[in-house]
$ cat model_28.cif   # mmCIF, C-alpha atoms
data_run
#
loop_
_atom_site.label_atom_id
_atom_site.label_comp_id
_atom_site.auth_asym_id
_atom_site.auth_seq_id
_atom_site.Cartn_x
_atom_site.Cartn_y
_atom_site.Cartn_z
CA MET N 1 7.56 -64.76 -11.20
CA ALA N 2 4.40 -64.59 -13.28
CA THR N 3 1.17 -64.24 -11.34
CA GLU N 4 -2.05 -65.47 -12.88
CA TYR N 5 -4.79 -62.90 -13.28
CA GLY N 6 -7.17 -65.14 -15.19
CA HIS N 7 -10.01 -64.67 -12.74
CA GLU N 8 -9.71 -60.90 -12.80
CA TYR N 9 -9.43 -60.50 -16.55
CA GLY N 10 -11.87 -63.26 -17.31
CA SER N 11 -14.73 -61.60 -15.47
CA TRP N 12 -14.08 -58.07 -16.70
CA GLY N 13 -16.02 -58.20 -19.93
CA GLY N 14 -19.32 -59.34 -18.40
CA SER N 15 -19.37 -57.17 -15.30
CA GLU N 16 -21.73 -54.25 -15.03
CA ALA N 17 -21.10 -51.06 -13.14
CA VAL N 18 -23.51 -50.51 -10.31
CA GLY N 19 -24.46 -46.86 -10.20
CA LYS N 20 -24.94 -44.97 -7.02
CA ARG N 21 -28.40 -43.96 -5.99
CA ARG N 22 -29.20 -40.51 -7.28
CA HIS N 23 -31.05 -38.03 -5.13
CA ARG N 24 -33.53 -35.58 -6.49
CA LEU N 25 -32.53 -32.87 -4.02
CA PRO N 26 -29.00 -31.43 -3.87
CA ALA N 27 -26.86 -32.13 -0.83
CA GLY N 28 -27.40 -28.65 0.60
CA LEU N 29 -31.16 -29.17 0.82
CA ARG N 30 -30.95 -32.77 2.03
CA ALA N 31 -28.47 -32.14 4.83
CA PRO N 32 -30.94 -31.01 7.56
CA PHE N 33 -32.93 -34.23 7.15
CA GLU N 34 -30.14 -36.76 6.67
CA ALA N 35 -29.39 -39.31 9.37
CA ARG N 36 -25.73 -38.38 9.24
CA SER N 37 -26.48 -34.78 10.24
CA TRP N 38 -28.55 -35.92 13.21
CA ARG N 39 -25.85 -38.37 14.31
CA GLU N 40 -23.26 -35.60 14.18
CA PHE N 41 -25.56 -33.30 16.14
CA ALA N 42 -26.08 -36.05 18.72
CA TYR N 43 -22.30 -36.44 18.95
CA VAL N 44 -21.92 -32.73 19.72
CA LEU N 45 -24.68 -32.89 22.34
CA LEU N 46 -23.08 -35.88 24.07
CA SER N 47 -19.63 -34.29 23.93
CA LEU N 48 -20.51 -31.72 26.60
CA PRO N 49 -21.40 -34.09 29.46
CA ILE N 50 -18.68 -36.53 28.45
CA GLY N 51 -16.18 -33.69 28.18
CA ILE N 52 -17.12 -32.49 31.67
CA LEU N 53 -16.73 -36.04 33.01
CA MET N 54 -13.32 -36.56 31.41
CA PHE N 55 -12.03 -33.11 32.37
CA VAL N 56 -13.15 -33.38 35.99
CA TYR N 57 -11.79 -36.92 36.33
CA GLY N 58 -8.46 -36.16 34.67
CA VAL N 59 -7.77 -32.86 36.46
CA THR N 60 -8.98 -34.12 39.83
CA MET N 61 -7.02 -37.37 39.75
CA VAL N 62 -3.82 -35.77 38.44
CA SER N 63 -4.04 -32.94 40.98
CA LEU N 64 -4.66 -35.43 43.77
CA GLY N 65 -1.80 -37.64 42.63
CA ALA N 66 0.57 -34.70 42.27
CA GLY N 67 -0.35 -33.46 45.74
CA LEU N 68 0.30 -36.90 47.22
CA LEU N 69 3.67 -37.36 45.56
CA ILE N 70 5.33 -36.38 48.83
CA THR N 71 4.05 -39.78 49.97
CA PHE N 72 4.05 -43.06 48.12
CA LEU N 73 0.29 -42.80 47.52
CA GLY N 74 0.77 -40.25 44.74
CA VAL N 75 2.31 -42.80 42.36
CA PRO N 76 -0.59 -45.28 42.29
CA VAL N 77 -3.10 -42.41 42.13
CA LEU N 78 -1.38 -40.98 39.05
CA ALA N 79 -1.20 -44.45 37.50
CA ALA N 80 -4.92 -44.93 38.17
CA ALA N 81 -5.62 -41.53 36.59
CA LEU N 82 -3.78 -42.49 33.41
CA ALA N 83 -5.41 -45.92 33.29
CA GLY N 84 -8.81 -44.30 33.75
CA VAL N 85 -8.39 -41.86 30.90
CA ARG N 86 -7.27 -44.75 28.69
CA GLY N 87 -10.59 -46.44 29.47
CA LEU N 88 -12.48 -43.24 28.71
CA GLY N 89 -10.49 -42.98 25.49
CA ALA N 90 -11.76 -46.41 24.44
CA MET N 91 -15.30 -45.14 25.00
CA GLU N 92 -14.55 -42.07 22.88
CA ARG N 93 -13.20 -44.18 20.03
CA ALA N 94 -16.37 -46.28 20.11
CA ARG N 95 -18.54 -43.14 20.14
CA ALA N 96 -16.64 -41.64 17.18
CA ARG N 97 -16.99 -44.92 15.30
CA GLY N 98 -20.72 -45.24 15.98
CA LEU N 99 -21.80 -41.62 15.39
CA LEU N 100 -19.15 -40.16 13.09
CA GLY N 101 -18.00 -43.25 11.24
CA VAL N 102 -14.39 -42.51 12.20
CA GLU N 103 -12.41 -45.73 12.54
CA VAL N 104 -9.53 -45.28 14.97
CA ALA N 105 -7.38 -48.23 15.98
CA ALA N 106 -6.56 -48.80 19.61
CA PRO N 107 -3.20 -47.42 20.74
CA GLU N 108 -0.24 -49.65 21.40
CA PRO N 109 -0.79 -51.81 24.52
CA LEU N 110 1.17 -51.42 27.70
CA ARG N 111 4.53 -53.17 27.61
CA VAL N 112 4.74 -54.78 31.04
CA LYS N 113 8.06 -56.61 31.15
CA ARG N 114 7.43 -58.43 34.43
CA SER N 115 4.54 -59.13 36.76
CA GLY N 116 3.66 -56.95 39.70
CA ALA N 117 2.00 -53.63 40.48
CA MET N 118 5.21 -51.61 40.22
CA ALA N 119 5.96 -52.97 36.76
CA TRP N 120 2.41 -52.16 35.64
CA MET N 121 2.61 -48.59 36.98
CA GLY N 122 5.97 -48.11 35.32
CA ALA N 123 4.52 -49.26 32.00
CA VAL N 124 1.60 -46.85 32.39
CA PHE N 125 3.95 -43.91 33.02
CA LYS N 126 6.25 -44.84 30.13
CA SER N 127 3.43 -45.22 27.62
CA GLY N 128 3.04 -42.15 25.45
CA ALA N 129 -0.54 -43.17 24.70
CA SER N 130 -1.46 -42.68 28.39
CA TRP N 131 -0.30 -39.07 28.36
CA ARG N 132 -2.00 -38.40 25.02
CA HIS N 133 -5.27 -39.66 26.53
CA LEU N 134 -4.81 -37.30 29.46
CA LEU N 135 -4.16 -34.42 27.07
CA TYR N 136 -7.33 -35.32 25.19
CA ALA N 137 -9.33 -35.25 28.43
CA VAL N 138 -8.08 -31.70 29.08
CA VAL N 139 -8.37 -30.13 25.61
CA GLN N 140 -11.63 -31.85 24.66
CA PHE N 141 -13.58 -30.07 27.39
CA PRO N 142 -13.25 -26.43 26.15
CA TRP N 143 -13.81 -27.58 22.58
CA SER N 144 -16.93 -29.52 23.59
CA VAL N 145 -18.29 -26.42 25.31
CA PHE N 146 -17.63 -24.28 22.24
CA SER N 147 -19.07 -26.79 19.77
CA PHE N 148 -22.13 -27.42 21.98
CA VAL N 149 -22.93 -23.71 22.22
CA VAL N 150 -22.43 -23.11 18.50
CA ALA N 151 -24.38 -26.17 17.36
CA VAL N 152 -27.33 -25.72 19.73
CA THR N 153 -27.56 -22.00 19.03
CA PHE N 154 -27.60 -22.40 15.27
CA TRP N 155 -29.85 -25.45 15.33
CA ALA N 156 -32.44 -24.01 17.72
CA SER N 157 -32.42 -20.53 16.15
CA GLY N 158 -32.72 -21.90 12.63
CA TRP N 159 -35.67 -24.19 13.30
CA ALA N 160 -37.35 -21.62 15.54
CA MET N 161 -37.23 -18.90 12.88
CA LEU N 162 -38.08 -21.31 10.06
CA THR N 163 -41.22 -22.54 11.79
CA TYR N 164 -42.21 -19.10 13.13
CA PRO N 165 -45.12 -18.71 10.67
CA LEU N 166 -46.61 -21.96 12.01
CA TRP N 167 -46.72 -20.98 15.66
CA PHE N 168 -47.00 -17.18 15.32
CA TRP N 169 -50.61 -17.44 16.36
CA VAL N 170 -49.48 -18.51 19.87
CA PHE N 171 -48.23 -15.04 20.73
CA PRO N 172 -51.24 -12.84 20.05
CA MET N 173 -53.82 -15.45 21.08
CA TRP N 174 -52.37 -17.18 24.13
CA VAL N 175 -49.58 -14.93 25.39
CA GLY N 176 -51.11 -11.56 24.70
CA GLN N 177 -48.12 -10.28 22.70
CA ASP N 178 -47.91 -9.27 19.08
CA GLY N 179 -45.13 -11.74 18.25
CA ILE N 180 -41.42 -12.16 18.96
CA GLN N 181 -40.06 -9.01 20.57
CA LEU N 182 -36.87 -7.75 18.97
CA TYR N 183 -36.50 -4.63 21.11
CA GLY N 184 -38.29 -3.06 24.02
CA ASP N 185 -37.89 -0.36 26.65
CA GLY N 186 -40.23 1.61 28.84
CA SER N 187 -41.92 3.43 25.94
CA HIS N 188 -41.10 1.58 22.74
CA HIS N 189 -41.47 -2.06 21.57
CA VAL N 190 -40.64 -3.76 18.28
CA TYR N 191 -42.38 -7.05 17.41
CA LEU N 192 -42.25 -9.36 14.39
CA ASP N 193 -45.95 -9.19 13.71
CA ASN N 194 -46.60 -8.28 10.05
CA PRO N 195 -46.46 -10.65 7.05
CA PHE N 196 -43.28 -9.13 5.64
CA GLU N 197 -41.35 -9.49 8.90
CA ILE N 198 -42.67 -13.03 9.39
CA THR N 199 -41.58 -13.99 5.87
CA VAL N 200 -38.11 -12.49 6.33
CA THR N 201 -37.78 -14.32 9.66
CA ALA N 202 -38.69 -17.63 8.01
CA LEU N 203 -36.20 -17.06 5.19
CA VAL N 204 -33.42 -16.25 7.65
CA GLY N 205 -34.39 -19.39 9.58
CA LEU N 206 -34.18 -21.39 6.35
CA LEU N 207 -30.63 -20.15 5.76
CA PHE N 208 -29.67 -21.04 9.34
CA THR N 209 -31.29 -24.46 9.02
CA LEU N 210 -29.48 -25.26 5.79
CA ALA N 211 -26.13 -24.01 7.09
CA THR N 212 -26.27 -25.65 10.52
CA PRO N 213 -25.52 -29.26 9.40
CA TRP N 214 -22.39 -28.08 7.62
CA ILE N 215 -21.29 -26.06 10.63
CA VAL N 216 -21.83 -29.09 12.86
CA ARG N 217 -19.95 -31.25 10.37
CA ALA N 218 -16.98 -28.89 10.51
CA LEU N 219 -17.03 -29.05 14.30
CA THR N 220 -17.16 -32.84 14.32
CA MET N 221 -14.29 -32.99 11.83
CA VAL N 222 -12.14 -31.31 14.47
CA ASN N 223 -13.38 -33.90 16.97
CA GLY N 224 -12.43 -36.67 14.57
CA LEU N 225 -8.94 -35.25 14.15
CA MET N 226 -8.52 -35.02 17.92
CA VAL N 227 -9.64 -38.63 18.38
CA GLN N 228 -7.31 -39.85 15.64
CA GLY N 229 -4.35 -37.80 16.78
CA LEU N 230 -4.58 -38.31 20.54
CA LEU N 231 -6.50 -41.55 21.12
CA GLY N 232 -5.10 -43.67 18.31
CA PRO N 233 -1.70 -45.32 17.91
CA SER N 234 1.32 -43.09 17.51
CA ARG N 235 3.03 -42.72 14.16
CA LEU N 236 5.99 -44.72 15.43
CA ALA N 237 3.79 -47.58 16.58
CA THR N 238 1.86 -47.51 13.32
CA ARG N 239 5.10 -47.59 11.38
CA VAL N 240 6.33 -50.56 13.43
CA VAL N 241 3.12 -52.46 12.67
CA GLU N 242 3.47 -51.64 8.97
CA LEU N 243 7.08 -52.82 8.94
CA GLU N 244 6.16 -56.04 10.71
CA SER N 245 3.41 -56.65 8.17
CA ASP N 246 5.73 -55.81 5.27
CA ARG N 247 8.36 -58.16 6.67
CA GLY N 248 5.77 -60.95 6.72
CA VAL N 249 4.85 -60.21 3.09
CA VAL N 250 8.51 -60.27 2.05
CA VAL N 251 9.13 -63.56 3.87
CA ASP N 252 6.03 -65.14 2.32
CA ALA N 253 6.98 -63.89 -1.14
CA ALA N 254 10.52 -65.24 -0.77
CA ALA N 255 9.18 -68.61 0.40
CA ALA N 256 6.77 -68.72 -2.56
CA ASP N 257 9.61 -67.93 -4.96
CA LEU N 258 11.75 -70.69 -3.48
CA ARG N 259 8.88 -73.16 -3.83
CA ARG N 260 8.34 -72.06 -7.43
CA ILE N 261 12.03 -72.45 -8.28
CA GLU N 262 12.12 -75.90 -6.67
CA ARG N 263 8.98 -76.96 -8.54
CA ASP N 264 10.28 -75.65 -11.86
CA LEU N 265 13.59 -77.46 -11.37
CA HIS N 266 11.93 -80.68 -10.29
CA ASP N 267 9.21 -80.74 -12.94
CA GLY N 268 11.18 -79.12 -15.74
CA ALA N 269 14.94 -79.19 -16.20
CA GLN N 270 15.59 -81.94 -13.65
CA ALA N 271 13.05 -84.27 -15.25
CA ARG N 272 14.49 -83.60 -18.71
CA LEU N 273 18.03 -84.25 -17.50
CA VAL N 274 16.97 -87.56 -15.94
CA ALA N 275 15.26 -88.58 -19.18
CA LEU N 276 18.37 -87.44 -21.09
CA ALA N 277 20.62 -89.62 -18.95
CA MET N 278 18.36 -92.62 -19.55
CA ASP N 279 18.29 -92.00 -23.32
CA LEU N 280 22.07 -91.70 -23.47
CA GLY N 281 22.40 -94.93 -21.51
CA LEU N 282 20.15 -96.74 -23.97
CA ALA N 283 22.06 -95.22 -26.89
CA LYS N 284 25.34 -96.46 -25.37
CA GLU N 285 23.95 -99.99 -25.15
CA LYS N 286 22.71 -99.92 -28.76
CA LEU N 287 25.87 -98.35 -30.13
CA ALA N 288 27.46 -101.70 -30.96
CA GLU N 289 24.27 -103.52 -32.04
CA ASP N 290 22.46 -100.80 -34.01
CA PRO N 291 24.58 -97.69 -34.68
CA GLN N 292 21.81 -95.97 -36.66
CA ALA N 293 19.26 -96.33 -33.81
CA ALA N 294 21.91 -95.12 -31.39
CA ALA N 295 22.57 -92.10 -33.60
CA ARG N 296 18.87 -91.29 -33.66
CA MET N 297 18.70 -91.54 -29.87
CA VAL N 298 21.74 -89.27 -29.52
CA ASP N 299 20.12 -86.78 -31.88
CA GLU N 300 16.94 -86.83 -29.78
CA ALA N 301 19.04 -86.40 -26.65
CA HIS N 302 20.71 -83.39 -28.27
CA GLY N 303 17.29 -81.79 -28.74
CA GLU N 304 16.43 -82.52 -25.10
CA VAL N 305 19.66 -80.83 -24.04
CA LYS N 306 18.70 -77.68 -25.94
CA THR N 307 15.24 -77.68 -24.36
CA ALA N 308 16.69 -78.19 -20.88
CA LEU N 309 19.18 -75.35 -21.44
CA GLN N 310 16.36 -73.05 -22.54
CA GLU N 311 14.34 -73.92 -19.43
CA LEU N 312 17.37 -73.25 -17.24
CA ARG N 313 17.87 -69.88 -18.97
CA ASP N 314 14.21 -68.99 -18.39
CA LEU N 315 14.49 -70.04 -14.76
CA ALA N 316 17.65 -67.97 -14.26
CA ARG N 317 15.95 -65.02 -15.94
CA GLY N 318 13.03 -65.42 -13.52
CA ILE N 319 15.39 -65.29 -10.55
CA HIS N 320 17.35 -62.25 -11.69
CA PRO N 321 18.16 -61.57 -15.34
CA ALA N 322 21.79 -60.91 -16.19
CA VAL N 323 20.81 -58.15 -18.62
CA LEU N 324 19.25 -56.21 -15.73
CA THR N 325 22.49 -56.32 -13.76
CA ASP N 326 24.70 -55.52 -16.74
CA ARG N 327 22.68 -52.96 -18.70
CA GLY N 328 19.88 -51.70 -16.42
CA LEU N 329 16.13 -51.37 -16.69
CA ASP N 330 15.99 -50.04 -20.23
CA ALA N 331 17.56 -53.11 -21.84
CA ALA N 332 15.89 -55.55 -19.45
CA LEU N 333 12.39 -54.19 -20.05
CA SER N 334 12.99 -54.10 -23.79
CA ALA N 335 13.86 -57.80 -23.61
CA VAL N 336 10.65 -58.51 -21.67
CA ALA N 337 8.60 -56.51 -24.17
CA SER N 338 10.07 -58.47 -27.08
CA ARG N 339 8.70 -61.70 -25.59
CA CYS N 340 5.18 -60.27 -25.10
CA ALA N 341 2.43 -61.66 -27.34
CA VAL N 342 1.23 -58.15 -28.27
CA PRO N 343 3.28 -55.22 -29.61
CA VAL N 344 4.73 -53.20 -26.73
CA ARG N 345 6.30 -49.74 -26.90
CA VAL N 346 8.88 -49.15 -24.14
CA GLU N 347 10.05 -45.69 -23.09
CA VAL N 348 12.57 -45.39 -20.26
CA ASP N 349 13.66 -41.93 -19.12
CA LEU N 350 16.03 -42.43 -16.20
CA PRO N 351 19.22 -40.66 -15.12
CA ALA N 352 22.60 -42.32 -15.40
CA ALA N 353 22.66 -43.09 -11.68
CA ARG N 354 20.74 -46.31 -11.13
CA PRO N 355 18.45 -47.11 -8.21
CA ALA N 356 19.22 -49.80 -5.65
CA PRO N 357 19.45 -53.32 -7.14
CA ALA N 358 16.47 -54.47 -5.06
CA ILE N 359 14.31 -51.65 -6.43
CA GLU N 360 15.45 -52.41 -9.97
CA GLY N 361 14.52 -56.04 -9.49
CA ILE N 362 11.06 -55.23 -8.15
CA ALA N 363 10.45 -52.79 -11.01
CA TYR N 364 11.54 -55.39 -13.56
CA PHE N 365 9.36 -58.15 -12.17
CA THR N 366 6.39 -55.81 -11.78
CA VAL N 367 6.48 -54.88 -15.46
CA SER N 368 7.16 -58.51 -16.38
CA GLU N 369 4.10 -59.77 -14.50
CA LEU N 370 1.86 -57.07 -15.92
CA LEU N 371 2.99 -57.75 -19.49
CA GLN N 372 2.53 -61.49 -19.09
CA ASN N 373 -1.04 -60.93 -18.01
CA VAL N 374 -1.61 -58.47 -20.82
CA SER N 375 -0.55 -61.27 -23.16
CA LYS N 376 -2.69 -63.95 -21.55
CA HIS N 377 -5.86 -62.34 -20.27
CA SER N 378 -6.45 -58.74 -21.35
CA GLY N 379 -7.44 -59.26 -24.98
CA ALA N 380 -5.32 -56.23 -25.90
CA THR N 381 -3.77 -55.55 -29.30
CA ARG N 382 -1.08 -53.17 -28.09
CA ALA N 383 0.53 -51.96 -24.87
CA THR N 384 2.98 -49.33 -23.67
CA VAL N 385 5.50 -49.29 -20.83
CA ASP N 386 6.76 -45.96 -19.48
CA VAL N 387 9.44 -45.62 -16.80
CA TRP N 388 10.62 -42.31 -15.37
CA LYS N 389 11.86 -40.67 -12.19
CA VAL N 390 10.07 -37.98 -10.17
CA ASP N 391 12.08 -36.52 -7.28
CA ASP N 392 13.12 -39.58 -5.25
CA ARG N 393 10.48 -41.95 -6.69
CA LEU N 394 10.69 -44.43 -9.55
CA MET N 395 7.49 -44.42 -11.61
CA LEU N 396 6.25 -47.28 -13.81
CA GLN N 397 3.16 -47.31 -16.00
CA VAL N 398 1.78 -50.14 -18.14
CA VAL N 399 -1.17 -49.31 -20.42
CA ASP N 400 -3.10 -51.68 -22.68
CA ASN N 401 -6.23 -51.35 -24.81
CA GLY N 402 -7.82 -54.56 -23.55
CA ILE N 403 -11.22 -55.33 -22.03
CA GLY N 404 -10.54 -53.49 -18.74
CA GLY N 405 -12.37 -54.02 -15.48
CA ALA N 406 -9.33 -54.88 -13.32
CA ASP N 407 -9.86 -54.57 -9.58
CA VAL N 408 -7.15 -54.74 -6.93
CA SER N 409 -9.75 -55.61 -4.28
CA ALA N 410 -10.58 -58.86 -6.08
CA GLY N 411 -7.94 -60.53 -3.91
CA SER N 412 -5.99 -62.27 -6.69
CA GLY N 413 -2.79 -61.41 -8.58
CA LEU N 414 -3.09 -57.63 -8.52
CA ALA N 415 -3.60 -57.69 -4.76
CA GLY N 416 -0.47 -59.80 -4.33
CA LEU N 417 1.50 -57.44 -6.55
CA ALA N 418 0.27 -54.46 -4.52
CA GLU N 419 1.40 -56.19 -1.31
CA ARG N 420 4.87 -56.74 -2.73
CA LEU N 421 5.18 -53.09 -3.66
CA ASP N 422 3.84 -52.01 -0.27
CA ALA N 423 6.59 -54.06 1.40
CA VAL N 424 9.14 -51.52 0.09
CA ASP N 425 6.91 -48.45 0.58
CA GLY N 426 5.65 -48.66 -2.99
CA ILE N 427 2.17 -47.95 -4.36
CA LEU N 428 0.11 -49.68 -7.05
CA VAL N 429 -2.78 -47.78 -8.66
CA VAL N 430 -5.12 -49.50 -11.14
CA ASP N 431 -7.39 -47.47 -13.43
CA SER N 432 -9.37 -49.99 -15.46
CA PRO N 433 -12.94 -49.12 -16.44
CA VAL N 434 -15.07 -51.79 -18.06
CA ALA N 435 -14.27 -51.99 -21.80
CA GLY N 436 -10.84 -50.51 -21.11
CA PRO N 437 -8.29 -49.22 -21.40
CA THR N 438 -6.34 -50.51 -18.39
CA ARG N 439 -3.70 -48.25 -16.85
CA VAL N 440 -1.56 -49.66 -14.03
CA THR N 441 0.81 -47.23 -12.33
CA ALA N 442 3.43 -48.30 -9.81
CA GLU N 443 5.50 -46.00 -7.63
CA LEU N 444 8.67 -47.15 -5.88
CA PRO N 445 11.27 -45.41 -3.75
CA TRP N 446 14.44 -44.63 -5.68
CA ARG N 447 16.97 -45.59 -2.98
CA ARG N 448 20.18 -44.91 -4.86
CA GLY N 449 22.30 -48.04 -5.23
#
$ encode --input "model_28.cif" --output "structure tokens"
Amino acid sequence: MATEYGHEYGSWGGSEAVGKRRHRLPAGLRAPFEARSWREFAYVLLSLPIGILMFVYGVTMVSLGAGLLITFLGVPVLAAALAGVRGLGAMERARARGLLGVEVAAPEPLRVKRSGAMAWMGAVFKSGASWRHLLYAVVQFPWSVFSFVVAVTFWASGWAMLTYPLWFWVFPMWVGQDGIQLYGDGSHHVYLDNPFEITVTALVGLLFTLATPWIVRALTMVNGLMVQGLLGPSRLATRVVELESDRGVVVDAAAADLRRIERDLHDGAQARLVALAMDLGLAKEKLAEDPQAAARMVDEAHGEVKTALQELRDLARGIHPAVLTDRGLDAALSAVASRCAVPVRVEVDLPAARPAPAIEGIAYFTVSELLQNVSKHSGATRATVDVWKVDDRLMLQVVDNGIGGADVSAGSGLAGLAERLDAVDGILVVDSPVAGPTRVTAELPWRRG
């Protein structure tokens, strides 16, 4: 069951961390000039006309279809309305991806069981994604109006007041007024026309300008949540996709294990047993002619038998160790630690009730693989294994003082181990800075056996 991490560990020592670009100005001062802020503002501006379009289309088509339900025409009109909002939803997902950077997967496709218009309309009506798209078309409109008004008001007011000292001269020279009028009636007028008032106006505009990008960002976060919640796949569909993917990982892992067992038997114990049979045959032939040579050959065959038995024990331990079944994780992990090339301290704090056998097996092989790679590739001088239970989760942690730099995204052994854990709703977290130490934490469901 050992997975080779040579590539990951071998490149850890010479890698260099690439630092992020540092800005001279803090985020609060950069925000009004960042491209992200302008993209979010553009998203809010576009939301109003698109919201009007979606609202008018959805309400009009649904109202028309509902009114025509007394005739057969209402059914295809309603189906067309739902299909149309699904198309508009695809446009909204693309707009959120392009301007907000929000990646939302397409919802589950229509499940049309047979050909024909009636089957297609039935699939449209049965699809929950169609009705969620219609709901989005209705609720997005009032929110787009609110966000448009708030964003434009703050943005325009902030920049207008901030730049007021630059164009103040327009009022007295070209308009004939003393500045911006705050109040006026038949006998009294208040203008912003002295240096103090102009300065205060600019400072208030500066505050508005600095705050506006964050206000717009908060508004677009709500938009992102609406797009994800109403225009993406449902939780059930997402879970089905995850389970299908996990099933593929489990099948592939089982096939790989079978191939490994077959290869180990063919290249290891089977080859030794064949050679043993040949040696015993030769010893039998020489028994009468040269008893001493035959005795030597039998003695060599005896050594081969011991080696073959050891290989068979190792192979059986790799399939499922008997000590794990008989005595649990504590004894099994202690046995694994005793075979590690570096000193390993094992601490297991688990209740008397054991988890499901499948979870125990995955936990055992996870620790086994990590310790084998600590021995081979980490350059560590010591390691620790901690196992404990938190609520309904089984926690594993392997720590070594090696060279560090492990990365799950490297696509090698750690990635495969993470996929195996994910197949049973487990999680693998790797904390391994360059120069170490490396801390690998695994979380598995308890699933009482």
$ closest_residue --input "model_28.cif" --among "N:Val138, N:Leu324, N:Leu207, N:Ala295" --to "Pro32 (chain N)" --atoms "only C-alpha atoms"
N:Leu207
$ closest_residue --input "model_28.cif" --among "N:Ala105, N:Val387, N:Ala435, N:Leu162" --to "Gln228 (chain N)" --atoms "all atoms listed in the file"
N:Ala105
$ atom_distance --input "model_28.cif" --atom1 "CA of Gly404 (chain N)" --atom2 "CA of Thr438 (chain N)"
5.2 Å
$ closest_residue --input "model_28.cif" --among "N:Ser432, N:Thr212, N:Thr325, N:Gln372" --to "Ala358 (chain N)" --atoms "only C-alpha atoms"
N:Thr325
$ atom_distance --input "model_28.cif" --atom1 "CA of Ser375 (chain N)" --atom2 "CA of Val323 (chain N)"
22.1 Å
$ resolve_selection --input "model_28.cif" --expression "the PyMOL selection byres ((chain N and resi 123-132) around 10)" --output "PyMOL selection string"
chain N and resi 75+78-87+89+106-114+117-122+133-138+229-234
$ resolve_selection --input "model_28.cif" --expression "the PyMOL selection byres ((chain N and resi 39-49) around 6)" --output "PyMOL selection string"
chain N and resi 36-38+50-52+99+144-145+148
$ closest_residue --input "model_28.cif" --among "N:Arg382, N:His302, N:Arg420, N:Arg354" --to "Gly328 (chain N)" --atoms "all atoms listed in the file"
N:Arg354
$ resolve_selection --input "model_28.cif" --expression "the PyMOL selection byres ((chain N and resi 446) around 9)" --output "list in words"
Arg354, Pro355, Ala356, Ile359, Glu360, Lys389, Asp391, Asp392, Arg393, Leu394, Leu444, Pro445, Arg447, Arg448 and Gly449 of chain N
$ atom_distance --input "model_28.cif" --atom1 "CA of Gln140 (chain N)" --atom2 "CA of Gly224 (chain N)"
11.2 Å
$ closest_residue --input "model_28.cif" --among "N:Phe196, N:Phe208, N:Phe141, N:Phe168" --to "Thr153 (chain N)" --atoms "only C-alpha atoms"
N:Phe208
$ closest_residue --input "model_28.cif" --among "N:Leu333, N:Val305, N:Ala202, N:Thr220" --to "Ala277 (chain N)" --atoms "all atoms listed in the file"
N:Val305
$ residues_around --input "model_28.cif" --residues "Pro437 (chain N)" --least-positions-apart "6" --cutoff "6 Å" --atoms "all atoms listed in the file" --output "list of chain:residue names"
N:Asp400, N:Asn401, N:Gly402, N:Gly404
$ write_last_selection --input "model_28.cif" --atoms "C-alpha atoms" --output "tab-separated table (two decimals), keeping the file's coordinate frame"
chain	number	residue	atom	x	y	z
N	400	ASP	CA	-3.10	-51.68	-22.68
N	401	ASN	CA	-6.23	-51.35	-24.81
N	402	GLY	CA	-7.82	-54.56	-23.55
N	404	GLY	CA	-10.54	-53.49	-18.74
$ build_atoms --input "model_28.cif" --residues "region 414-423 of chain N" --atoms "N, CA and C atoms" --output "short mmCIF file (atom, residue, chain, number, x, y, z; two decimals), keeping the file's coordinate frame"
data_model
loop_
_atom_site.label_atom_id
_atom_site.label_comp_id
_atom_site.auth_asym_id
_atom_site.auth_seq_id
_atom_site.Cartn_x
_atom_site.Cartn_y
_atom_site.Cartn_z
N LEU N 414 -3.36 -59.05 -8.72
CA LEU N 414 -3.09 -57.63 -8.52
C LEU N 414 -2.93 -57.30 -7.04
N ALA N 415 -3.72 -57.93 -6.20
CA ALA N 415 -3.60 -57.69 -4.76
C ALA N 415 -2.24 -58.17 -4.26
N GLY N 416 -1.78 -59.32 -4.73
CA GLY N 416 -0.47 -59.80 -4.33
C GLY N 416 0.64 -58.90 -4.81
N LEU N 417 0.50 -58.37 -6.03
CA LEU N 417 1.50 -57.44 -6.55
C LEU N 417 1.52 -56.15 -5.73
N ALA N 418 0.34 -55.67 -5.35
CA ALA N 418 0.27 -54.46 -4.52
C ALA N 418 0.93 -54.70 -3.16
N GLU N 419 0.77 -55.88 -2.60
CA GLU N 419 1.40 -56.19 -1.31
C GLU N 419 2.92 -56.20 -1.44
N ARG N 420 3.41 -56.73 -2.54
CA ARG N 420 4.87 -56.74 -2.73
C ARG N 420 5.43 -55.33 -2.84
N LEU N 421 4.73 -54.48 -3.56
CA LEU N 421 5.18 -53.09 -3.66
C LEU N 421 5.09 -52.39 -2.32
N ASP N 422 4.01 -52.65 -1.58
CA ASP N 422 3.84 -52.01 -0.27
C ASP N 422 4.96 -52.41 0.69
N ALA N 423 5.53 -53.60 0.51
CA ALA N 423 6.59 -54.06 1.40
C ALA N 423 7.83 -53.18 1.32
#
